[in-house]
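Presented below is the structure to which this report refers.
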Amino acid sequence: MSDILEEKRQLLVEKRRLAKLGGGEEKIKKQHEQGKYIARERVERLLDPGSFIEFDRFVIHRCTQFGLDKDKFLGDGVITGIGAIDSQRVAIFSQDFTCWGGALGAAHAKKICKIMDFALENRIPIIGINDSGGARIQEGVESLAGYADIFYRNVKSSGVIPQISLIMGPCAGGAVYSPAITDYIFMVEQTSYMFVTGPDVIKTVTHEEVTKEELGGAKTHSERSGVAQFRCKTEDECFERVRELFTFIPPSNFPKATLRPTSDPVHRDNNKIKYVVPANPKRPYDMREIIFDVVDDGHFLEVHKDFAKNMICGFGAIGGIKVGVVANQPAVMAGVLDIDASIKAARFVRFCDAFEIPIITLVDVPGFLPGTVQEYGGIIKHGSKLLYAFAEATVPLITLITRKAYGGAYDVMASKHIKADINLAYPTAEIAVMGAEGAVSIVFRKELEGLKGAAFEKKKAELVKAYEDEFANPYRAAELGYVDSVILPEETRRRLYQYLIVLKNKKVELPRRKHGNIQL
C-alpha cells in the first residue's frame with residue numbers, strides 16, 4: 001500500500017514539474033535571451049511572495065486536428081490563479097509564450113474565463129499578463145469563441161472590479177480587444193506590441209512598410225494612439241508601477257475607501273506655490289508644481305503621461321484620502337482642450353466615478369483648440385465626452401481655477417453649472433467668455449473701425465484694460481455664487497482636505513434608466 005501511495009505522490013510531483021516547465025527548457029532559454037521573463041516568473045515577481053494559489057495547473061486541450069493531439073502542455077499555455085499585492089487580493093492570468101507562442105485555444109480561454117468569473121464573483125481586481133501571437137489556428141472557430149467569451153466578461157466586469165492589462169510581448173488580431181476594454185494598459189519598451197494586423201499584412205494590403213515597433217510598440221501606443229496608459233522601460237519597472245497603482249485604487253466598486261498612510265501634515269502651508277501662477281497671464285507654468293506640493297508626500301502617479309500632454313490625469317492623496325486629479329497643463333499648448341485631451345480626461349473621470357474616487361479638477365484653460373483638423377476630427381463630439389463624464393459623475397467633485405477659465409471650456413471643466421460640489425479660485429483666476437483682446441475686437445468693433453495706427457493701438461489698449469479690470473478676476477463669478485470661495489495658493493492643501501472631509505458621505509440619487517448614451 002505504501003508503494004502505491006508513493007507512486008501517486010511521485011506522479012503528482014512529476015506533473016507539477018512538467019507544468020512548471022511549460023514549453024520546455026529551450027523555449028524558456030530563448031524567452032530569457034530576448035530579455036523577457038516567462039509567464040510563471042512574471043506572476044511571482046508581481047505578487048506578494050508566497051501569495052499565489054494556482055488554478056487549473058493540469059488542464060490540457062482536446063483538439064485532435066493538425067497533429068495537436070501529439071502536442072500538449074500541462075496548463076495549456078496560460079497560468080491562472082489568485083494572489084495578493086500589498087496584501088490586497090487579486091486574480092491573475094499570465095500567458096506562456098513558450099507554449100505555441102501563447103496562442104489561445106478553447107481550453108486556454110476557459111481557464112481565463114474561469115478566473116475572470118472568480119474575480120467578479122469575489123469582487124477582486126483581475127490582472128491579465130498578455131504574451132500571445134493570437135488565436136490557435138488549429139482550433140479554428142473555438143479559438144474565436146474563446147476570445148468572445150473573454151470580451152463578454154471584460155464588459156460585464158467593467159466598473160465593478162478594476163481590470164489591468166500588462167502587454168509583455170506580442171498582442172495581435174482579436175487578442176488586442178480584451179486589453180482595449182480593460183481600465184489600464186501597461187506596455188514595455190522594445191518587447192511589447194499591439195496591432196490588429198501586423199507589418200507583413202499591411203505591406204501586402206496597403207503597400208506601407210512599417211516596423212513592429214513603429215506600428216504597435218510601447219512608444220507608439222503611449223504617445224500617438226493613446227491605447228496604453230503606462231510605458232515602462234523593463235518588465236520589473238512595469239511590475240513596480242502596477243503595484244504603485246494598486247495603492248491608489250480600490251479592489252472593487254463595493255467597499256468603502258481606505259486611507260493611504262502618510263506622515264505629511266494636512267494643514268501645512270503650500271508656500272512653494274505662492275508664486276507659481278505668473279502675474280503675466282500669457283506666461284506658461286507647470287501645473288505639476290501645484291499638484292506635487294498639494295498631494296501627500298509629493299507622490300503623484302500620472303496616468304497617460306505621454307499622451308495629450310496638455311491635460312494631466314493621475315492619482316494622489318490628501319490627508320490620506322485617495323483622489324483623482326484632472327488638470328489643464330499651461331506649459332503645453334497653453335492647456336487648451338483638444339480631441340485627445342478630452343478623450344483622455346473623460347476616460348479617467350469615468351474610472352474615478354465608477355470606483356468612488358473623489359476628483360479634484362485644476363483649471364487653466366483658454367478654450368477649445370480651433371482649426372479644421374480639430375473640427376473635421378470631431379472636436380464637438382469628443383469634447384462632449386468630457387462634459388458628459390463630469391456631469392454624470394456622482395463622486396465628490398472639487399474644482400480649483402488657478403488662472404484662465406474661458407468660454408465653453410470653463411463650463412466643461414467641472415464647473416458649478418454641471419454640479420461640481422465645490423468651486424474655488426485663486427486671486428489670479430480669469431473667468432470670461434474669452435480673452436480680453438478677442439472680446440474687445442468683437443464687442444467694440446464699431447468703435448475701433450475708423451481708427452488707425454497709434455490711435456487704434458491706444459484705444460484698443462484702453463478697452464482691453466477696462467475689460468480685464470471687469471472680467472480678469474474671480475469676483476464677478478463669486479458674486480453670482482459660481483465660485484464658492486476665493487483662496488490663496490498657500491491655503492490650497494488644507495482647504496481641499498476640509499472639503500474632502502465634508503463630502504465623504506455624498507450621495508446622489510440618479511433618474512432611473514438603463515444607461516445614458518454618451519457620444520462614442
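To be explicit about the labels: the chains of the C-alpha cells are called A, B, and onward in the order shown, and within each one the residues are counted from 1, while ligands get numbers from 1 in the order they are shown.
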Could you build a table of the residues in segment 216-241 of chain A lying no more than 10 Å from segment 188-198 of chain A, giving for each the nearest pair of atoms and their separation in Å rounded to one decimal place, using only C-alpha atoms, ordered by chain and ascending residue number, as a Markdown table?
```
| residue | atom | partner | partner_atom | distance |
| --- | --- | --- | --- | --- |
| A:Gly216 | CA | A:Met194 | CA | 4.8 |
| A:Gly217 | CA | A:Tyr193 | CA | 4.7 |
| A:Ala218 | CA | A:Glu189 | CA | 5.3 |
| A:Lys219 | CA | A:Glu189 | CA | 7.0 |
| A:Thr220 | CA | A:Tyr193 | CA | 9.4 |
| A:His221 | CA | A:Met194 | CA | 8.1 |
| A:Val227 | CA | A:Met194 | CA | 9.1 |
| A:Ala228 | CA | A:Met194 | CA | 9.6 |
| A:Phe230 | CA | A:Val188 | CA | 8.6 |
| A:Arg231 | CA | A:Val188 | CA | 5.9 |
| A:Cys232 | CA | A:Val188 | CA | 4.8 |
| A:Lys233 | CA | A:Glu189 | CA | 5.3 |
| A:Thr234 | CA | A:Val188 | CA | 5.8 |
| A:Glu235 | CA | A:Val188 | CA | 6.3 |
| A:Asp236 | CA | A:Val188 | CA | 9.6 |
| A:Glu237 | CA | A:Val188 | CA | 8.7 |
| A:Cys238 | CA | A:Val188 | CA | 7.1 |
```
Could you save the residues just selected, with N, CA and C atoms, as an mmCIF file, in the first residue's frame?
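File produced: again_26.cif:
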```cif
data_model
loop_
_atom_site.group_PDB
_atom_site.id
_atom_site.type_symbol
_atom_site.label_atom_id
_atom_site.label_comp_id
_atom_site.auth_asym_id
_atom_site.auth_seq_id
_atom_site.Cartn_x
_atom_site.Cartn_y
_atom_site.Cartn_z
ATOM 1 N N GLY A 216 3.097 49.283 -33.582
ATOM 2 C CA GLY A 216 2.350 48.998 -32.359
ATOM 3 C C GLY A 216 3.197 48.857 -31.122
ATOM 4 N N GLY A 217 4.340 49.538 -31.076
ATOM 5 C CA GLY A 217 5.210 49.460 -29.909
ATOM 6 C C GLY A 217 4.723 50.326 -28.755
ATOM 7 N N ALA A 218 5.424 50.234 -27.646
ATOM 8 C CA ALA A 218 5.039 50.969 -26.438
ATOM 9 C C ALA A 218 5.037 52.476 -26.660
ATOM 10 N N LYS A 219 6.029 52.978 -27.402
ATOM 11 C CA LYS A 219 6.112 54.422 -27.658
ATOM 12 C C LYS A 219 4.928 54.886 -28.506
ATOM 13 N N THR A 220 4.617 54.120 -29.537
ATOM 14 C CA THR A 220 3.504 54.474 -30.422
ATOM 15 C C THR A 220 2.190 54.548 -29.655
ATOM 16 N N HIS A 221 1.923 53.539 -28.841
ATOM 17 C CA HIS A 221 0.623 53.474 -28.168
ATOM 18 C C HIS A 221 0.527 54.364 -26.926
ATOM 19 N N VAL A 227 -3.548 54.259 -26.744
ATOM 20 C CA VAL A 227 -4.065 52.937 -26.342
ATOM 21 C C VAL A 227 -3.512 52.532 -24.977
ATOM 22 N N ALA A 228 -2.225 52.797 -24.731
ATOM 23 C CA ALA A 228 -1.586 52.389 -23.472
ATOM 24 C C ALA A 228 -1.456 53.576 -22.524
ATOM 25 N N PHE A 230 0.401 53.384 -19.569
ATOM 26 C CA PHE A 230 1.705 53.376 -18.891
ATOM 27 C C PHE A 230 2.756 52.722 -19.792
ATOM 28 N N ARG A 231 3.887 53.397 -19.952
ATOM 29 C CA ARG A 231 5.019 52.862 -20.710
ATOM 30 C C ARG A 231 6.190 52.664 -19.764
ATOM 31 N N CYS A 232 6.764 51.460 -19.774
ATOM 32 C CA CYS A 232 7.838 51.126 -18.845
ATOM 33 C C CYS A 232 9.068 50.667 -19.619
ATOM 34 N N LYS A 233 10.238 50.882 -19.031
ATOM 35 C CA LYS A 233 11.482 50.512 -19.707
ATOM 36 C C LYS A 233 11.762 49.024 -19.609
ATOM 37 N N THR A 234 11.381 48.405 -18.497
ATOM 38 C CA THR A 234 11.645 46.977 -18.291
ATOM 39 C C THR A 234 10.411 46.312 -17.683
ATOM 40 N N GLU A 235 10.402 44.991 -17.691
ATOM 41 C CA GLU A 235 9.296 44.269 -17.074
ATOM 42 C C GLU A 235 9.272 44.514 -15.565
ATOM 43 N N ASP A 236 10.447 44.574 -14.939
ATOM 44 C CA ASP A 236 10.487 44.820 -13.489
ATOM 45 C C ASP A 236 9.899 46.185 -13.143
ATOM 46 N N GLU A 237 10.208 47.199 -13.953
ATOM 47 C CA GLU A 237 9.618 48.523 -13.725
ATOM 48 C C GLU A 237 8.101 48.449 -13.881
ATOM 49 N N CYS A 238 7.653 47.678 -14.851
ATOM 50 C CA CYS A 238 6.216 47.514 -15.075
ATOM 51 C C CYS A 238 5.531 46.950 -13.829
#
```
Given only C-alpha atoms, how would the per-residue table for segment 26-68 of chain A near segment 242-262 of chain A read, listing every residue at most 12 Å away with its closest atom pair and distance in Å to one decimal, sorted by chain and number, as JSON lines?
```
{"residue": "A:Arg45", "atom": "CA", "partner": "A:Arg243", "partner_atom": "CA", "distance": 10.6}
{"residue": "A:Leu46", "atom": "CA", "partner": "A:Arg243", "partner_atom": "CA", "distance": 7.5}
{"residue": "A:Leu47", "atom": "CA", "partner": "A:Arg243", "partner_atom": "CA", "distance": 8.5}
{"residue": "A:Asp48", "atom": "CA", "partner": "A:Arg243", "partner_atom": "CA", "distance": 9.8}
```
TODO: May I ask which of the residues A:Gly319, A:Gly134, A:Pro278, A:Gly335 is the closest one to Ser263 of chain A, counting only C-alpha atoms?
DONE: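 Of A:Gly319, A:Gly134, A:Pro278, A:Gly335, the one nearest Ser263 of chain A, counting only C-alpha atoms, is A:Gly319.
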Open item on the list: Neighbouring residues of Ser441 of chain A were defined as those with any atom within 9 Å, considering only C-alpha atoms; residues of the same chain fewer than 5 positions away were excluded. Please report them as a ChimeraX atom specification.
Closed with: /A:436,448,460
Residue subset to file, keeping C-alpha atoms, as a PDB file, in the first residue's frame:
```pdb
ATOM      1  CA  ALA A 436      -9.678  90.376 -23.331  1.00  0.00           C
ATOM      2  CA  LEU A 448     -12.326 100.691 -33.414  1.00  0.00           C
ATOM      3  CA  LYS A 460      -7.693  99.205 -28.017  1.00  0.00           C
TER       4      LYS A 460
END
```
Open item on the list: Quick check for you: according to DSSP on this backbone, which residues of segment 46-145 of chain A are classed as helix (DSSP H, G or I)? Reply as number ranges by chain.
Closed with: A: 46, 65-70, 100-102, 106-121, 137-139, 141-145
- [ ] Could you tell me how far atom CA of Phe52 of chain A lies from atom CA of Ile181 of chain A, in Å and to one decimal?
- [x]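 Taking atom CA of Phe52 of chain A and atom CA of Ile181 of chain A, their separation equals 25.4 Å.
With only C-alpha atoms as the atoms that count, the residue of A:Lys305, A:Lys514, A:Lys404, A:Arg493 with the shortest distance to Phe471 of chain A is A:Lys404.
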TODO: Fewer than 2 positions away in the same chain doesn't count, so skip those; otherwise give me all residues within 10 Å of Lys507 of chain A, counting only C-alpha atoms, as a list in words.
DONE: Thr394, Val395, Pro396, Leu503, Lys504, Asn505, Glu509 and Leu510 of chain A
Write the residues of the preceding selection, restricted to N, CA and C atoms, as a compact mmCIF listing (two decimals), in the first residue's frame.
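In the end it all went to result_1.txt:
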```txt
# COMPACT_ATOMS: atom_id res chain seq x y z
N THR A 394 -20.94 61.18 -9.83
CA THR A 394 -21.62 61.41 -8.55
C THR A 394 -20.65 61.40 -7.37
N VAL A 395 -19.38 61.23 -7.64
CA VAL A 395 -18.37 61.29 -6.57
C VAL A 395 -18.15 62.75 -6.18
N PRO A 396 -17.51 63.01 -5.04
CA PRO A 396 -17.18 64.39 -4.70
C PRO A 396 -16.35 65.05 -5.79
N LEU A 503 -17.37 66.16 2.22
CA LEU A 503 -18.06 65.47 1.12
C LEU A 503 -17.96 63.95 1.17
N LYS A 504 -17.35 63.41 2.22
CA LYS A 504 -17.06 61.96 2.21
C LYS A 504 -18.31 61.08 2.19
N ASN A 505 -19.45 61.60 2.64
CA ASN A 505 -20.68 60.80 2.62
C ASN A 505 -21.66 61.27 1.54
N GLU A 509 -28.93 60.63 -5.89
CA GLU A 509 -29.91 59.73 -6.49
C GLU A 509 -30.08 60.09 -7.96
N LEU A 510 -29.85 59.14 -8.83
CA LEU A 510 -29.95 59.38 -10.27
C LEU A 510 -31.30 58.94 -10.80
```
Task: Counting only C-alpha atoms, the residue of A:Phe239, A:Phe456, A:Tyr410, A:Tyr376 that sits nearest Val363 of chain A - done: A:Tyr410
TODO: Please give the complete set of residues from segment 34-257 of chain A that DSSP, run on the backbone, assigns to strand (DSSP E), formatted as a ChimeraX atom specification.
DONE: /A:53-55,78-85,88-95,126-132,163-172,184-188,193-195,230-232
Task: Residue among A:Asn473, A:Asn517, A:Ala279, A:Pro366 lying closest to Glu392 of chain A, counting only C-alpha atoms - done: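 The answer is A:Asn517, which sits nearest to Glu392 of chain A.
Within the 7 Å cut-off around Leu386 of chain A, using only C-alpha atoms and omitting residues fewer than 5 positions from it on the same chain, the listed residues are Ser342, Ile343, Ala345, Ala346 and Val412 of chain A.
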Output of the above residues as a PDB file, in the first residue's frame, restricted to C-alpha atoms:
```
ATOM      1  CA  SER A 342     -10.908  65.488 -23.920  1.00  0.00           C
ATOM      2  CA  ILE A 343     -10.874  61.729 -24.504  1.00  0.00           C
ATOM      3  CA  ALA A 345      -9.696  63.145 -19.245  1.00  0.00           C
ATOM      4  CA  ALA A 346     -13.186  61.736 -19.893  1.00  0.00           C
ATOM      5  CA  VAL A 412     -16.835  71.623 -19.344  1.00  0.00           C
TER       6      VAL A 412
END
```
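Among the candidates A:Lys385, A:Lys36, A:Lys156, A:Arg241, the residue lying nearest to Gln519 of chain A is A:Lys385 (atoms considered: only C-alpha atoms).
Closest approach to Gln498 of chain A among A:Trp100, A:Ala472, A:Gly316, A:Val266 is made by A:Val266 (distances from only C-alpha atoms).
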Task: One-decimal distance in Å that lies between atom CA of Arg62 of chain A and atom CA of Met116 of chain A - done: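 Between these atoms lies a distance of 21.8 Å.
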Task: For Ile115 of chain A: contacts at 12 Å, only C-alpha atoms, fewer than 2 positions along chain excluded, given as an MDAnalysis selection string - done: chainID A and resid 53:56 78:83 90:94 108:113 117:128 150 153:154
Task: Exercise: Gln374 of chain A partners within 10 Å, only C-alpha atoms, chain neighbours under 6 positions left out, as a ChimeraX atom specification - done: /A:338-340,368,380,382
